[in-house]
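Take a look at the structure below.
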Amino acid sequence: MDMIAATPQRDAPLRISLLGPVRAWGTAGELELGSGQRKAVLSVLAMRANQLVTKGELVDAVWGETAPASAYGGIHTHISALRKRLEPRWARRSTGEVLVSTGSGYRLALSGCALDVERFRVLRERARERQRGRDVAGELAALDSALELWRGEALDGVSGPHASWQRTRLAELRLGAVERRARLMVNAGARYAVIDELDRLCRSHPLREESHSLLMHALYLADRRGDAIDVFHRLRSATVEQLGTEPGPGPSALYGEILRDDPALRWTRDEPTGPARPIPLAVRSRPDRPRGFTGRGEQVALLRAAAGAVAAGTGGVVRIEGPPGAGKSALLAEGLAETPGCQLAWSVADELGQQVPLHTVLDGLDVTALSPDPRRAALAALARQVEPERLDRDTVAAAVEGAVELVHELCADGPLVVVVDQLQWADPLSLLVLRRLLPATAERPLLVVTASRPALRRELEPLWAAATRATTITLGPRR
Ligand SMILES: Nc1ncnc2c1ncn2[C@@H]1O[C@H](COP(=O)(O)OP(=O)(O)OP(=O)(O)O)[C@@H](O)[C@H]1O
Ligand SMILES: [Mg+2]
C-alpha cells in the first residue's frame with residue numbers, strides 16, 4: 001500500500017518535480033514552464049498543494065519585501081500562463097479545476113505523490129518506520145529511494161525568497177537522510193564505502209556534528225585512528241570559531257573513546273528512534289507566574305479567552321501597551337501562565353539584541369544551529385549568513401521567509417501562541433516577520449501577543465497597520 005503512495009502515478013494529470021531544476025509533466029508530456037519567476041509561483045503552489053495560497057503570500061514568496069508595485073499584476077500574468085499549460089481545457093472565466101482561483105488567492109490541486117518533495121517526505125517517513133521496526137534492509141532501501149529522487153540542488157535556478165528558503169530546508173533534510181544512510185552502512189561494516197562521501201560532506205558542512213562523528217567512527221574502524229582524531233580537531237576549530245562553543249556531547253564522547261581505544265567503538269550504535277515527529281513543543285522561557293499579582297481581572301480574562309480560542313482553532317492578535325513598570329510583563333505572565341493544548345514561543349526582546357538580525361523571533365522559536373529539528377537547524381544556518389553590517393537582500397528575504405514558514409508549519413502541528421515582550425526593542429527583521437504573521441492569524445491557529453512601551457520607532461507603524469484585528473490593552477501607571 002505504501003509502495004503506491006511513494007510512486008508517481010504515470011497517468012496522474014499533473015506531476016511536478018522540485019528536487020532539482022523545476023519541471024512539470026501533464027498527460028501529454030513535459031510542460032514548458034517559462035521564467036524562473038513563473039517557476040517560483042508554481043513551486044509555492046506545489047509546496048502548499050491543495051491549500052489556499054493568498055495573492056499577498058505569493059507576492060511575498062516570490063519578491064519578498066522589495067516587491068514592486070506591479071507584483072500583483074505579475075502574479076496574475078504568471079497564473080494565466082501556468083493555467084494555459086496545466087489546464088489546456090480551461091474555459092475563460094471559470095475558476096479552474098487544477099489551478100483553482102478563490103476570492104483571495106489560488107489553490108493547486110495535486111494528488112498525494114504527484115510532487116517529488118512529497119514522495120521524499122513519504123519515503124523518509126517510511127525509513128523511520130522501518131527504523132522503529134529494526135528492519136535495517138527496509139530502512140536502507142527507503143533511504144536509497146528517497147535519495148534517488150534528487151537530481152541536483154532543489155529548486156535550481158528558481159528566484160525569490162521562498163525558493164531560497166526551501167533550497168536550504170530541503171538540503172538539510174537530504175543531509176539528514178545521507179547521514180542516516182551512512183550510519184547504517186558504518187554499522188553494517190561498509191565503512192570504506194562511505195568515507196569519501198562523508199569527507200566531502202564534512203568539508204562542505206564544517207559544523208555538522210553528525211557527519212563528523214560518522215566520519216571519525218568510520219575512519220577509526222578502517223584503522224585510521226590519526227585521521228579520525230584530525231577530523232575531531234577540525235570540527236572543534238570550526239565550532240569554536242563560528243559558534244563560540246565546544247562541539248556537543250556526541251562527537252566529544254566519541255573523541256574520548258577513540259583516544260582510549262574504547263572497545264565500545266566496535267559495537268554497532270543506533271540513535272534512539274523516538275517519536276515519529278521528533279519536534280518538541282516550542283516552550284521557550286515562559287516566566288514564572290508573578291507572586292502577589294492582584295487586580296487586572298478584565299485584562300487577564302481577555303488573555304485567557306484568546307488562549308482558549310486559539311486552542312480551539314481561532315487565532316488572534318493582542319497588543320499590550322503601557323509605560324515602564326505598568327505591569328505588562330506581569331500581566332503576560334499571569335494571563336498566559338497556562339496555555340493548555342498550545343505550543344508556546346515566548347521571547348523578550350532586549351536593547352542589545354536589536355543589532356542581531358532576527359534575534360527576537362529566532363529566540364522565541366528556539367531556533368539554534370544544534371537543534372534536532374531540521375527545520376530549525378536549517379533556519380539557524382541561514383540566519384547566520386545574515387550579517388548586520390552587510391545585509392544581503394536575498395539572504396535576508398530567504399531568512400524572513402524561513403521564519404514565517406516555520407511558524408506556518410508549527411501551526412500545522414497544532415495551535416501556537418507567539419509572545420513578544422519588550423516589542424519596542426525587537427530587531428527590524430523580527431518586526432518584519434511579525435508583520436507577515438499578523439494577517440495569518442485570520443487563517444491559522446496562531447495567537448500573537450505583544451507587549452511594549454509606547455515607542456517612537458518608525459518600524460512599529462507598519463506592524464500595527466497590518467494588525468487590523470488586534471485587540472489593544474492599554475495599561476496606565478500602577479497605583
Ligand atoms: N497586577 C499586579 N499585581 C502585583 N504586582 C504587579 C502587578 N503588575 C505589576 N506588578 C509588579 O510591578 C513591577 C513592574 O511590573 P512589570 O515588570 O510587569 O512592568 P512592565 O510594564 O513590564 O515594565 P517594563 O516596561 O519595564 O518591562 C513588577 O515587580 C511586578 O511584579
Ligand atoms: Mg516588562
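We name chains A, B, ... following the order of the C-alpha cells; residues begin at 1 in each chain, and ligands are numbered from 1 as shown.
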
Practice prompt. Taking only C-alpha atoms and all ligand atoms into account, report as a list in words which residues have an atom no farther than 8 Å from an atom of ligand 2.
Written response: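 The distance check yields Pro324, Gly325, Gly327, Lys328, Ser329, Ala330, Asp421, Gln422, Ala451 and Ser452 of chain A.
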
Write a file of the selected residues as an mmCIF file, in the first residue's frame, keeping N, CA, C and O atoms.
data_model
loop_
_atom_site.group_PDB
_atom_site.id
_atom_site.type_symbol
_atom_site.label_atom_id
_atom_site.label_comp_id
_atom_site.auth_asym_id
_atom_site.auth_seq_id
_atom_site.Cartn_x
_atom_site.Cartn_y
_atom_site.Cartn_z
ATOM 1 N N PRO A 324 6.848 52.092 31.364
ATOM 2 C CA PRO A 324 7.685 51.202 32.162
ATOM 3 C C PRO A 324 7.073 50.973 33.541
ATOM 4 O O PRO A 324 6.579 51.919 34.164
ATOM 5 N N GLY A 325 7.048 49.743 33.994
ATOM 6 C CA GLY A 325 6.549 49.429 35.329
ATOM 7 C C GLY A 325 5.045 49.331 35.421
ATOM 8 O O GLY A 325 4.479 49.085 36.493
ATOM 9 N N GLY A 327 3.157 47.084 34.430
ATOM 10 C CA GLY A 327 2.725 45.717 34.722
ATOM 11 C C GLY A 327 2.440 44.893 33.481
ATOM 12 O O GLY A 327 1.687 43.915 33.537
ATOM 13 N N LYS A 328 3.071 45.233 32.374
ATOM 14 C CA LYS A 328 2.834 44.498 31.118
ATOM 15 C C LYS A 328 3.369 43.061 31.216
ATOM 16 O O LYS A 328 2.651 42.098 30.906
ATOM 17 N N SER A 329 4.625 42.937 31.687
ATOM 18 C CA SER A 329 5.206 41.594 31.770
ATOM 19 C C SER A 329 4.454 40.761 32.794
ATOM 20 O O SER A 329 4.227 39.562 32.592
ATOM 21 N N ALA A 330 4.067 41.396 33.894
ATOM 22 C CA ALA A 330 3.330 40.670 34.933
ATOM 23 C C ALA A 330 1.988 40.183 34.372
ATOM 24 O O ALA A 330 1.577 39.040 34.614
ATOM 25 N N ASP A 421 7.567 40.054 24.335
ATOM 26 C CA ASP A 421 7.565 41.097 25.357
ATOM 27 C C ASP A 421 8.680 42.082 24.981
ATOM 28 O O ASP A 421 9.635 41.716 24.299
ATOM 29 N N GLN A 422 8.553 43.335 25.437
ATOM 30 C CA GLN A 422 9.525 44.393 25.116
ATOM 31 C C GLN A 422 9.660 44.567 23.603
ATOM 32 O O GLN A 422 10.766 44.722 23.075
ATOM 33 N N ALA A 451 3.853 42.944 23.970
ATOM 34 C CA ALA A 451 3.803 43.979 25.000
ATOM 35 C C ALA A 451 4.892 44.977 24.694
ATOM 36 O O ALA A 451 6.015 44.598 24.360
ATOM 37 N N SER A 452 4.548 46.263 24.766
ATOM 38 C CA SER A 452 5.590 47.258 24.516
ATOM 39 C C SER A 452 5.326 48.548 25.260
ATOM 40 O O SER A 452 4.188 48.862 25.622
#

Counting only C-alpha atoms and all ligand atoms, which residues in chain A sit no more than 12 Å from ligand 1? For each one, give the nearest pair of atoms and the distance in Å, sorted by chain then residue number, as JSON lines.
{"residue": "A:Pro287", "atom": "CA", "partner": "ligand 1", "partner_atom_place_in_ligand_line": "18 (O)", "distance": 10.9}
{"residue": "A:Asp288", "atom": "CA", "partner": "ligand 1", "partner_atom_place_in_ligand_line": "31 (O)", "distance": 10.5}
{"residue": "A:Arg289", "atom": "CA", "partner": "ligand 1", "partner_atom_place_in_ligand_line": "31 (O)", "distance": 9.2}
{"residue": "A:Pro290", "atom": "CA", "partner": "ligand 1", "partner_atom_place_in_ligand_line": "31 (O)", "distance": 5.7}
{"residue": "A:Arg291", "atom": "CA", "partner": "ligand 1", "partner_atom_place_in_ligand_line": "31 (O)", "distance": 6.9}
{"residue": "A:Gly292", "atom": "CA", "partner": "ligand 1", "partner_atom_place_in_ligand_line": "4 (C)", "distance": 5.3}
{"residue": "A:Phe293", "atom": "CA", "partner": "ligand 1", "partner_atom_place_in_ligand_line": "3 (N)", "distance": 3.4}
{"residue": "A:Thr294", "atom": "CA", "partner": "ligand 1", "partner_atom_place_in_ligand_line": "3 (N)", "distance": 4.0}
{"residue": "A:Gly295", "atom": "CA", "partner": "ligand 1", "partner_atom_place_in_ligand_line": "1 (N)", "distance": 5.3}
{"residue": "A:Arg296", "atom": "CA", "partner": "ligand 1", "partner_atom_place_in_ligand_line": "1 (N)", "distance": 5.8}
{"residue": "A:Gly297", "atom": "CA", "partner": "ligand 1", "partner_atom_place_in_ligand_line": "1 (N)", "distance": 8.9}
{"residue": "A:Glu298", "atom": "CA", "partner": "ligand 1", "partner_atom_place_in_ligand_line": "1 (N)", "distance": 11.3}
{"residue": "A:Gln299", "atom": "CA", "partner": "ligand 1", "partner_atom_place_in_ligand_line": "1 (N)", "distance": 10.0}
{"residue": "A:Val300", "atom": "CA", "partner": "ligand 1", "partner_atom_place_in_ligand_line": "1 (N)", "distance": 9.5}
{"residue": "A:Ile320", "atom": "CA", "partner": "ligand 1", "partner_atom_place_in_ligand_line": "21 (O)", "distance": 9.1}
{"residue": "A:Glu321", "atom": "CA", "partner": "ligand 1", "partner_atom_place_in_ligand_line": "21 (O)", "distance": 8.0}
{"residue": "A:Gly322", "atom": "CA", "partner": "ligand 1", "partner_atom_place_in_ligand_line": "21 (O)", "distance": 6.1}
{"residue": "A:Pro323", "atom": "CA", "partner": "ligand 1", "partner_atom_place_in_ligand_line": "25 (O)", "distance": 5.7}
{"residue": "A:Pro324", "atom": "CA", "partner": "ligand 1", "partner_atom_place_in_ligand_line": "25 (O)", "distance": 3.4}
{"residue": "A:Gly325", "atom": "CA", "partner": "ligand 1", "partner_atom_place_in_ligand_line": "19 (O)", "distance": 3.5}
{"residue": "A:Ala326", "atom": "CA", "partner": "ligand 1", "partner_atom_place_in_ligand_line": "21 (O)", "distance": 3.9}
{"residue": "A:Gly327", "atom": "CA", "partner": "ligand 1", "partner_atom_place_in_ligand_line": "18 (O)", "distance": 3.2}
{"residue": "A:Lys328", "atom": "CA", "partner": "ligand 1", "partner_atom_place_in_ligand_line": "21 (O)", "distance": 3.7}
{"residue": "A:Ser329", "atom": "CA", "partner": "ligand 1", "partner_atom_place_in_ligand_line": "18 (O)", "distance": 3.7}
{"residue": "A:Ala330", "atom": "CA", "partner": "ligand 1", "partner_atom_place_in_ligand_line": "18 (O)", "distance": 3.7}
{"residue": "A:Leu331", "atom": "CA", "partner": "ligand 1", "partner_atom_place_in_ligand_line": "8 (N)", "distance": 6.3}
{"residue": "A:Leu332", "atom": "CA", "partner": "ligand 1", "partner_atom_place_in_ligand_line": "18 (O)", "distance": 7.9}
{"residue": "A:Ala333", "atom": "CA", "partner": "ligand 1", "partner_atom_place_in_ligand_line": "18 (O)", "distance": 8.4}
{"residue": "A:Glu334", "atom": "CA", "partner": "ligand 1", "partner_atom_place_in_ligand_line": "1 (N)", "distance": 8.6}
{"residue": "A:Gly335", "atom": "CA", "partner": "ligand 1", "partner_atom_place_in_ligand_line": "1 (N)", "distance": 10.5}
{"residue": "A:Val348", "atom": "CA", "partner": "ligand 1", "partner_atom_place_in_ligand_line": "27 (O)", "distance": 9.3}
{"residue": "A:Ala349", "atom": "CA", "partner": "ligand 1", "partner_atom_place_in_ligand_line": "27 (O)", "distance": 10.2}
{"residue": "A:Asp350", "atom": "CA", "partner": "ligand 1", "partner_atom_place_in_ligand_line": "27 (O)", "distance": 10.1}
{"residue": "A:Glu351", "atom": "CA", "partner": "ligand 1", "partner_atom_place_in_ligand_line": "27 (O)", "distance": 11.8}
{"residue": "A:Val420", "atom": "CA", "partner": "ligand 1", "partner_atom_place_in_ligand_line": "27 (O)", "distance": 11.5}
{"residue": "A:Asp421", "atom": "CA", "partner": "ligand 1", "partner_atom_place_in_ligand_line": "27 (O)", "distance": 7.7}
{"residue": "A:Gln422", "atom": "CA", "partner": "ligand 1", "partner_atom_place_in_ligand_line": "27 (O)", "distance": 6.3}
{"residue": "A:Leu423", "atom": "CA", "partner": "ligand 1", "partner_atom_place_in_ligand_line": "27 (O)", "distance": 9.8}
{"residue": "A:Gln424", "atom": "CA", "partner": "ligand 1", "partner_atom_place_in_ligand_line": "25 (O)", "distance": 9.4}
{"residue": "A:Trp425", "atom": "CA", "partner": "ligand 1", "partner_atom_place_in_ligand_line": "25 (O)", "distance": 10.7}
{"residue": "A:Thr450", "atom": "CA", "partner": "ligand 1", "partner_atom_place_in_ligand_line": "22 (O)", "distance": 11.2}
{"residue": "A:Ala451", "atom": "CA", "partner": "ligand 1", "partner_atom_place_in_ligand_line": "22 (O)", "distance": 7.8}
{"residue": "A:Ser452", "atom": "CA", "partner": "ligand 1", "partner_atom_place_in_ligand_line": "25 (O)", "distance": 6.7}
{"residue": "A:Arg453", "atom": "CA", "partner": "ligand 1", "partner_atom_place_in_ligand_line": "25 (O)", "distance": 5.6}
{"residue": "A:Pro454", "atom": "CA", "partner": "ligand 1", "partner_atom_place_in_ligand_line": "25 (O)", "distance": 9.2}
{"residue": "A:Ala455", "atom": "CA", "partner": "ligand 1", "partner_atom_place_in_ligand_line": "25 (O)", "distance": 10.6}
{"residue": "A:Ile473", "atom": "CA", "partner": "ligand 1", "partner_atom_place_in_ligand_line": "21 (O)", "distance": 11.9}
{"residue": "A:Thr474", "atom": "CA", "partner": "ligand 1", "partner_atom_place_in_ligand_line": "21 (O)", "distance": 10.5}
{"residue": "A:Leu475", "atom": "CA", "partner": "ligand 1", "partner_atom_place_in_ligand_line": "21 (O)", "distance": 8.0}
{"residue": "A:Gly476", "atom": "CA", "partner": "ligand 1", "partner_atom_place_in_ligand_line": "21 (O)", "distance": 9.3}
{"residue": "A:Pro477", "atom": "CA", "partner": "ligand 1", "partner_atom_place_in_ligand_line": "21 (O)", "distance": 8.5}
{"residue": "A:Arg478", "atom": "CA", "partner": "ligand 1", "partner_atom_place_in_ligand_line": "8 (N)", "distance": 7.1}
{"residue": "A:Arg479", "atom": "CA", "partner": "ligand 1", "partner_atom_place_in_ligand_line": "7 (C)", "distance": 9.8}

Worksheet item: Can you list every residue in range 343-470 of chain A that DSSP puts in helix (DSSP H, G or I), as a VMD selection string?
Response: chain A and resid 352 to 355 359 to 364 374 to 384 393 to 413 423 to 425 428 to 440 460 to 466

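What separates CA of Glu57 in chain A from CA of Trp346 in chain A is a distance of 24.9 Å.
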
Fill in: For Leu207 in chain A, the nearest of the candidates A:Thr314, A:Val122, A:Val158, A:Ala377, counting only C-alpha atoms
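With only C-alpha atoms as the atom set, the closest residue is A:Ala377.
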
Discussion item. Set the distance at 10 Å and use only C-alpha atoms: which residues neighbour Glu30 in chain A once local chain neighbours fewer than 5 positions away are removed? I'd like the list as a VMD selection string.
Written reply: chain A and resid 14 to 16 23 to 25 85

Just write the chosen residues, N, CA and C atoms, as a PDB file, in the first residue's frame.
ATOM      1  N   LEU A  14      -1.109  15.634 -13.505  1.00  0.00           N
ATOM      2  CA  LEU A  14      -0.035  16.609 -13.373  1.00  0.00           C
ATOM      3  C   LEU A  14       1.007  16.049 -12.419  1.00  0.00           C
ATOM      4  N   ARG A  15       2.281  16.121 -12.824  1.00  0.00           N
ATOM      5  CA  ARG A  15       3.378  15.733 -11.926  1.00  0.00           C
ATOM      6  C   ARG A  15       4.371  16.879 -11.883  1.00  0.00           C
ATOM      7  N   ILE A  16       4.914  17.125 -10.689  1.00  0.00           N
ATOM      8  CA  ILE A  16       5.843  18.247 -10.545  1.00  0.00           C
ATOM      9  C   ILE A  16       7.081  17.768  -9.801  1.00  0.00           C
ATOM     10  N   ARG A  23      10.495  21.083 -12.871  1.00  0.00           N
ATOM     11  CA  ARG A  23       9.897  20.558 -14.097  1.00  0.00           C
ATOM     12  C   ARG A  23       8.485  20.079 -13.799  1.00  0.00           C
ATOM     13  N   ALA A  24       7.663  20.036 -14.846  1.00  0.00           N
ATOM     14  CA  ALA A  24       6.293  19.546 -14.668  1.00  0.00           C
ATOM     15  C   ALA A  24       5.873  18.765 -15.896  1.00  0.00           C
ATOM     16  N   TRP A  25       5.027  17.762 -15.681  1.00  0.00           N
ATOM     17  CA  TRP A  25       4.533  16.941 -16.770  1.00  0.00           C
ATOM     18  C   TRP A  25       3.013  16.859 -16.708  1.00  0.00           C
ATOM     19  N   ARG A  85      -0.954  26.062 -19.490  1.00  0.00           N
ATOM     20  CA  ARG A  85      -0.183  24.828 -19.638  1.00  0.00           C
ATOM     21  C   ARG A  85      -0.743  23.697 -18.789  1.00  0.00           C
TER      22      ARG A  85
END

Practice prompt. For Thr368 in chain A, list every protein, DNA or RNA residue within 9 Å, evaluated using only C-alpha atoms, and leave out those in the same chain fewer than 4 positions away; present the list as a ChimeraX atom specification.
Written response: /A:362-363,376-381

Those residues with all heavy atoms, as a compact mmCIF listing (two decimals), in the first residue's frame please?
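After the write, selection05.txt holds the following:
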# COMPACT_ATOMS: atom_id res chain seq x y z
N LEU A 362 13.88 34.32 16.40
CA LEU A 362 14.57 33.03 16.47
C LEU A 362 14.68 32.55 17.90
O LEU A 362 14.59 31.36 18.19
CB LEU A 362 15.96 33.13 15.83
CG LEU A 362 15.98 33.47 14.35
CD1 LEU A 362 17.38 33.33 13.79
CD2 LEU A 362 15.01 32.60 13.56
N ASP A 363 14.86 33.48 18.81
CA ASP A 363 14.95 33.11 20.21
C ASP A 363 13.63 32.49 20.67
O ASP A 363 13.60 31.44 21.29
CB ASP A 363 15.28 34.37 21.02
CG ASP A 363 15.53 34.04 22.47
OD1 ASP A 363 16.25 33.06 22.72
OD2 ASP A 363 14.98 34.75 23.34
N ARG A 376 14.50 23.90 12.11
CA ARG A 376 15.12 24.94 12.92
C ARG A 376 16.61 25.04 12.62
O ARG A 376 17.16 26.14 12.51
CB ARG A 376 14.90 24.64 14.40
CG ARG A 376 13.47 24.86 14.85
CD ARG A 376 13.36 24.52 16.33
NE ARG A 376 12.16 25.03 16.95
CZ ARG A 376 11.00 24.36 16.96
NH1 ARG A 376 10.89 23.20 16.35
NH2 ARG A 376 9.95 24.87 17.57
N ALA A 377 17.26 23.88 12.47
CA ALA A 377 18.70 23.92 12.20
C ALA A 377 18.96 24.62 10.87
O ALA A 377 19.91 25.42 10.75
CB ALA A 377 19.26 22.50 12.19
N ALA A 378 18.10 24.36 9.88
CA ALA A 378 18.29 24.99 8.57
C ALA A 378 18.12 26.51 8.68
O ALA A 378 18.89 27.29 8.10
CB ALA A 378 17.29 24.43 7.57
N LEU A 379 17.12 26.92 9.44
CA LEU A 379 16.87 28.35 9.59
C LEU A 379 18.03 29.02 10.32
O LEU A 379 18.46 30.13 9.95
CB LEU A 379 15.54 28.56 10.33
CG LEU A 379 15.08 29.99 10.49
CD1 LEU A 379 15.03 30.71 9.16
CD2 LEU A 379 13.71 30.02 11.17
N ALA A 380 18.55 28.34 11.33
CA ALA A 380 19.69 28.91 12.06
C ALA A 380 20.89 29.08 11.13
O ALA A 380 21.57 30.09 11.16
CB ALA A 380 20.06 28.01 13.24
N ALA A 381 21.09 28.08 10.26
CA ALA A 381 22.23 28.15 9.34
C ALA A 381 22.06 29.34 8.40
O ALA A 381 23.00 30.09 8.13
CB ALA A 381 22.33 26.85 8.54

Item to complete: Could you jot down the CA of Val186 in chain A to CA of Glu118 in chain A separation for me, Å, one decimal place?
Response: 28.3 Å

Practice prompt. Using backbone DSSP assignments, extract all strand (DSSP E) residues from range 298-429 of chain A; output them as a PyMOL selection string.
Written response: chain A and resi 316-321+343-348+416-421

Atoms kept (all heavy atoms) for selection, written as a CSV table (one decimal), in the first residue's frame:
chain,number,residue,atom,x,y,z
A,316,GLY,N,-5.6,35.1,16.7
A,316,GLY,CA,-5.9,36.4,17.0
A,316,GLY,C,-4.6,37.2,17.4
A,316,GLY,O,-3.5,36.6,17.3
A,317,VAL,N,-4.8,38.5,17.6
A,317,VAL,CA,-3.7,39.3,18.0
A,317,VAL,C,-4.0,40.2,19.2
A,317,VAL,O,-5.1,40.8,19.2
A,317,VAL,CB,-3.3,40.3,16.8
A,317,VAL,CG1,-2.1,41.2,17.2
A,317,VAL,CG2,-3.1,39.6,15.5
A,318,VAL,N,-3.2,40.2,20.2
A,318,VAL,CA,-3.4,41.0,21.4
A,318,VAL,C,-2.2,41.9,21.6
A,318,VAL,O,-1.1,41.4,21.6
A,318,VAL,CB,-3.7,40.2,22.7
A,318,VAL,CG1,-3.9,41.2,23.9
A,318,VAL,CG2,-4.9,39.3,22.5
A,319,ARG,N,-2.4,43.2,21.7
A,319,ARG,CA,-1.3,44.1,21.8
A,319,ARG,C,-1.4,44.8,23.2
A,319,ARG,O,-2.5,45.5,23.5
A,319,ARG,CB,-1.5,45.1,20.7
A,319,ARG,CG,-0.7,46.3,20.7
A,319,ARG,CD,-1.1,47.2,19.5
A,319,ARG,NE,-0.4,48.4,19.6
A,319,ARG,CZ,-0.7,49.5,18.8
A,319,ARG,NH1,-1.6,49.4,17.9
A,319,ARG,NH2,0.0,50.6,18.9
A,320,ILE,N,-0.4,44.7,24.0
A,320,ILE,CA,-0.5,45.4,25.3
A,320,ILE,C,0.5,46.5,25.3
A,320,ILE,O,1.6,46.4,24.9
A,320,ILE,CB,0.0,44.4,26.4
A,320,ILE,CG1,-0.9,43.1,26.4
A,320,ILE,CG2,-0.1,45.0,27.8
A,320,ILE,CD1,-0.5,42.0,27.3
A,321,GLU,N,0.0,47.7,25.8
A,321,GLU,CA,0.9,48.9,25.8
A,321,GLU,C,0.8,49.5,27.2
A,321,GLU,O,-0.2,49.5,27.8
A,321,GLU,CB,0.5,49.9,24.7
A,321,GLU,CG,0.9,49.5,23.3
A,321,GLU,CD,1.4,50.6,22.5
A,321,GLU,OE1,1.2,51.8,22.9
A,321,GLU,OE2,2.0,50.4,21.5
A,343,GLN,N,1.3,25.1,21.6
A,343,GLN,CA,2.7,25.3,21.7
A,343,GLN,C,2.9,26.8,22.0
A,343,GLN,O,2.1,27.6,21.7
A,343,GLN,CB,3.3,25.1,20.3
A,343,GLN,CG,2.9,23.8,19.7
A,343,GLN,CD,3.3,23.7,18.2
A,343,GLN,OE1,4.4,23.3,17.9
A,343,GLN,NE2,2.4,24.1,17.3
A,344,LEU,N,4.1,27.0,22.6
A,344,LEU,CA,4.3,28.4,23.0
A,344,LEU,C,5.7,28.9,22.6
A,344,LEU,O,6.7,28.1,22.8
A,344,LEU,CB,4.2,28.4,24.6
A,344,LEU,CG,4.4,29.7,25.3
A,344,LEU,CD1,3.3,30.6,25.0
A,344,LEU,CD2,4.4,29.4,26.8
A,345,ALA,N,5.8,30.0,22.0
A,345,ALA,CA,7.1,30.6,21.7
A,345,ALA,C,7.2,32.0,22.3
A,345,ALA,O,6.4,32.9,22.0
A,345,ALA,CB,7.2,30.8,20.2
A,346,TRP,N,8.0,32.1,23.4
A,346,TRP,CA,8.0,33.3,24.2
A,346,TRP,C,9.3,34.0,24.1
A,346,TRP,O,10.4,33.3,24.4
A,346,TRP,CB,7.7,32.9,25.6
A,346,TRP,CG,7.3,34.0,26.6
A,346,TRP,CD1,8.1,35.1,26.8
A,346,TRP,CD2,6.1,34.1,27.3
A,346,TRP,NE1,7.4,35.9,27.7
A,346,TRP,CE2,6.2,35.3,28.1
A,346,TRP,CE3,5.0,33.3,27.5
A,346,TRP,CZ2,5.2,35.7,29.0
A,346,TRP,CZ3,4.0,33.7,28.4
A,346,TRP,CH2,4.1,34.9,29.1
A,347,SER,N,9.3,35.2,23.7
A,347,SER,CA,10.6,35.9,23.7
A,347,SER,C,10.5,37.3,24.3
A,347,SER,O,9.4,37.9,24.3
A,347,SER,CB,11.2,36.0,22.3
A,347,SER,OG,10.3,36.7,21.5
A,348,VAL,N,11.6,37.7,24.9
A,348,VAL,CA,11.7,39.1,25.5
A,348,VAL,C,12.8,39.8,24.7
A,348,VAL,O,13.9,39.4,24.8
A,348,VAL,CB,12.0,39.0,27.0
A,348,VAL,CG1,12.0,40.4,27.6
A,348,VAL,CG2,11.0,38.1,27.7
A,416,LEU,N,-0.6,27.6,18.2
A,416,LEU,CA,0.7,28.2,18.6
A,416,LEU,C,0.4,29.6,19.2
A,416,LEU,O,-0.3,30.3,18.6
A,416,LEU,CB,1.6,28.3,17.4
A,416,LEU,CG,2.9,29.0,17.6
A,416,LEU,CD1,3.8,28.3,18.6
A,416,LEU,CD2,3.6,29.2,16.2
A,417,VAL,N,1.0,29.8,20.3
A,417,VAL,CA,1.0,31.2,20.9
A,417,VAL,C,2.4,31.8,20.8
A,417,VAL,O,3.3,31.2,21.3
A,417,VAL,CB,0.5,31.1,22.4
A,417,VAL,CG1,0.5,32.5,23.0
A,417,VAL,CG2,-0.8,30.4,22.5
A,418,VAL,N,2.5,32.9,20.1
A,418,VAL,CA,3.7,33.6,20.0
A,418,VAL,C,3.7,34.9,20.9
A,418,VAL,O,2.8,35.7,20.6
A,418,VAL,CB,4.0,34.0,18.5
A,418,VAL,CG1,5.3,34.9,18.4
A,418,VAL,CG2,4.2,32.8,17.7
A,419,VAL,N,4.5,34.9,21.9
A,419,VAL,CA,4.6,36.1,22.7
A,419,VAL,C,5.9,36.9,22.5
A,419,VAL,O,6.9,36.3,22.5
A,419,VAL,CB,4.5,35.7,24.2
A,419,VAL,CG1,4.6,36.9,25.2
A,419,VAL,CG2,3.3,34.8,24.5
A,420,VAL,N,5.7,38.2,22.3
A,420,VAL,CA,6.9,39.0,22.3
A,420,VAL,C,6.8,40.1,23.3
A,420,VAL,O,6.0,41.0,23.1
A,420,VAL,CB,7.1,39.6,20.8
A,420,VAL,CG1,8.4,40.4,20.8
A,420,VAL,CG2,7.2,38.6,19.8
A,421,ASP,N,7.6,40.1,24.3
A,421,ASP,CA,7.6,41.1,25.4
A,421,ASP,C,8.7,42.1,25.0
A,421,ASP,O,9.6,41.7,24.3
A,421,ASP,CB,7.8,40.5,26.7
A,421,ASP,CG,7.5,41.4,27.9
A,421,ASP,OD1,7.1,42.6,27.6
A,421,ASP,OD2,7.7,41.0,29.0

Fill in: Nearest residue to Leu382 in chain A from the set A:Ala171, A:Ala467, A:Met185, A:Cys113 (distances using only C-alpha atoms)
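Counting only C-alpha atoms, the residue closest to Leu382 in chain A is A:Ala171.
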
Worksheet entry | 12 Å contact set for Gln242 in chain A, only C-alpha atoms, chain neighbours under 6 positions out, as number ranges by chain | A: 206-207, 235-236, 369, 381, 384-385

Practice prompt. Kindly give the distance, in Å, that separates CA of Arg107 in chain A and CA of Gln51 in chain A, rounded to a single decimal.
Written response: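 Atom-to-atom, CA of Arg107 in chain A and CA of Gln51 in chain A are spaced 5.5 Å apart.
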
Item to complete: Within 8 Å of Ala142 in chain A, counting only C-alpha atoms, which residues show up once you throw out same-chain ones fewer than 6 positions away? Write them as a PyMOL selection string, please.
Response: chain A and resi 123-124+126-127

Please dump the current selection as a PDB file, in the first residue's frame; keep N, CA and C atoms.
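And here's part17.pdb as it stands now:
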ATOM      1  N   LEU A 123       8.870   8.728   1.847  1.00  0.00           N
ATOM      2  CA  LEU A 123       9.943   7.730   1.949  1.00  0.00           C
ATOM      3  C   LEU A 123      10.774   7.916   3.222  1.00  0.00           C
ATOM      4  N   ARG A 124      10.991   9.160   3.611  1.00  0.00           N
ATOM      5  CA  ARG A 124      11.709   9.397   4.868  1.00  0.00           C
ATOM      6  C   ARG A 124      10.890   8.866   6.038  1.00  0.00           C
ATOM      7  N   ARG A 126       8.752   6.483   5.872  1.00  0.00           N
ATOM      8  CA  ARG A 126       8.806   5.014   5.821  1.00  0.00           C
ATOM      9  C   ARG A 126      10.122   4.509   6.421  1.00  0.00           C
ATOM     10  N   ALA A 127      11.226   5.216   6.082  1.00  0.00           N
ATOM     11  CA  ALA A 127      12.516   4.808   6.637  1.00  0.00           C
ATOM     12  C   ALA A 127      12.449   4.839   8.164  1.00  0.00           C
TER      13      ALA A 127
END
